[in-house]
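Notes for the one structure printed next.
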Amino acid sequence: MEHCSGANGRSWLIVAVAIGLAGPGFLQANPKVYEQALKSTGWVIIPREKSSALGTCWVADRERKLVITSYHLVKDAKEALVFFPRHADGKLLVDAASYLHGAQAINARVIAADRLRDLVLLQLESLPDGVQALAVADKCSRPGDDVHSIGNSGMARASAGMLWRYTRGNVRQVYTRKMRAEETAEMVQFVETQSPVNPGDSGGPLLNNRGEVIGVAMAYDPHEQLVSHNIASDEVRAFLKRGLTKLEAAPENGKELGQVEKQKSNQLFGAWKVTAKLDDGSKSRGEAQFHRDGTYVLSDGSDVDEEPQRGRFAYANGILWLITVDHQASFKLVWQADGRFNFVANGADMSFER
């Protein structure tokens, strides 16, 4: 196996969200690489109570339904939601709203994480037909090599924006640097490119002309223009091997939490009586229904002529994510021993019981 190597000791700052500048227009695109990799690239969402993280992932193992994304997106979360590209009338859907309002997200659980290398391995509950795994290159990149990437950096917010953006650039340098996390320090290999990254691209695949993964989008250098940093393929391959070993040695590893959250997700399905306790002591009553196709209906009961709220929902990390045409909101559920739950919305304590 050929290993990447390069200068050591460079000084640059890794930021939590990948940000970059627009690239030059003289580079020639490669539609074949894009079309090939698109089938393997996903939009990953980490629901959180205050601000959900949005990024990119890619399929590393179809048989085991494994995808790779960035650690700085997932952090301490145990679950994620993933969408894969969809088409209508032969055209790729790039509007994020068409996914949130028209498709059910695939739930995923964390299998392995590496903070130093900013990598996370997720296992999906399912994979759509036609989705294929990307091969990880067994040869390192060289300065001057063409690189291609797909990311979801067209997002202004979680409910609106553009997905599946293509970017092309060149390798500037391949090198190693000592990375530290708490009391741990290790040498990590990077691929520095002249290929811009922006918020939402993190975790996406960096590809060579054969469509093989040569890196994973990570961050940019704030001291230099049009410079981005990617975790090198050698690191990705080694991380995936460790994740597979962990999964095969203990197939139930991490599954307990996933089963608990899945059980709670299943408890959501069906009809609920809703009581909203307001700050002034008054109460408002209504009804809610959560359907297995990922849609919900919520009526507050204050006016029989009022149109009920309709939309889609997803549940992960104990967060109920409600999506309507006009907005999206996340709520941390507090489950009771008898199966009831409640959360606070707009200052009101919303209680749900059968």
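The chains in the structure tokens are called A, B, ... from first to last as shown; in each chain the residues are counted from 1, and the ligands are counted from 1 in the order shown.
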Considering only C-alpha atoms, return as a count of residues only whatever protein or nucleic-acid residues lie within 7 Å of Asn342 in chain A, sequence-local ones (same chain, fewer than 6 positions apart) excluded.
-> 7
Would you mind writing down, as a VMD selection string, each residue of range 86-187 of chain A that DSSP on the backbone assigns to helix (DSSP H, G or I)?
-> chain A and resid 96 to 102
Go ahead and write the residues just picked, N, CA and C atoms, as a CSV table (one decimal), in the first residue's frame.
chain,number,residue,atom,x,y,z
A,96,ALA,N,-34.1,21.6,-1.0
A,96,ALA,CA,-34.2,20.9,0.3
A,96,ALA,C,-35.6,20.7,0.7
A,97,ALA,N,-36.5,21.7,0.5
A,97,ALA,CA,-37.9,21.6,0.9
A,97,ALA,C,-38.6,20.3,0.3
A,98,SER,N,-38.2,20.0,-0.9
A,98,SER,CA,-38.9,18.8,-1.6
A,98,SER,C,-38.5,17.5,-0.8
A,99,TYR,N,-37.4,17.5,-0.1
A,99,TYR,CA,-37.1,16.3,0.7
A,99,TYR,C,-37.8,16.4,2.0
A,100,LEU,N,-37.7,17.5,2.7
A,100,LEU,CA,-38.3,17.6,4.0
A,100,LEU,C,-39.8,17.4,4.0
A,101,HIS,N,-40.5,17.9,2.9
A,101,HIS,CA,-41.9,17.8,2.8
A,101,HIS,C,-42.4,16.6,2.0
A,102,GLY,N,-41.5,16.0,1.3
A,102,GLY,CA,-42.0,14.9,0.4
A,102,GLY,C,-41.3,13.6,0.6
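We find CA of Tyr34 in chain A and CA of Asn209 in chain A to be spaced 10.0 Å apart.
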Taking the backbone alone, and naming residues the way the document does, which bits of range 1-193 of chain A are strand (DSSP E or B) by DSSP, as a ChimeraX atom specification?
-> /A:41-46,53-61,66-69,79-83,87-88,91-92,95,106-114,119-124,136,146-151,154-157,160-162,165-181,184-193
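Atom to atom, CA of Cys57 in chain A and CA of Leu38 in chain A stand 10.8 Å apart.
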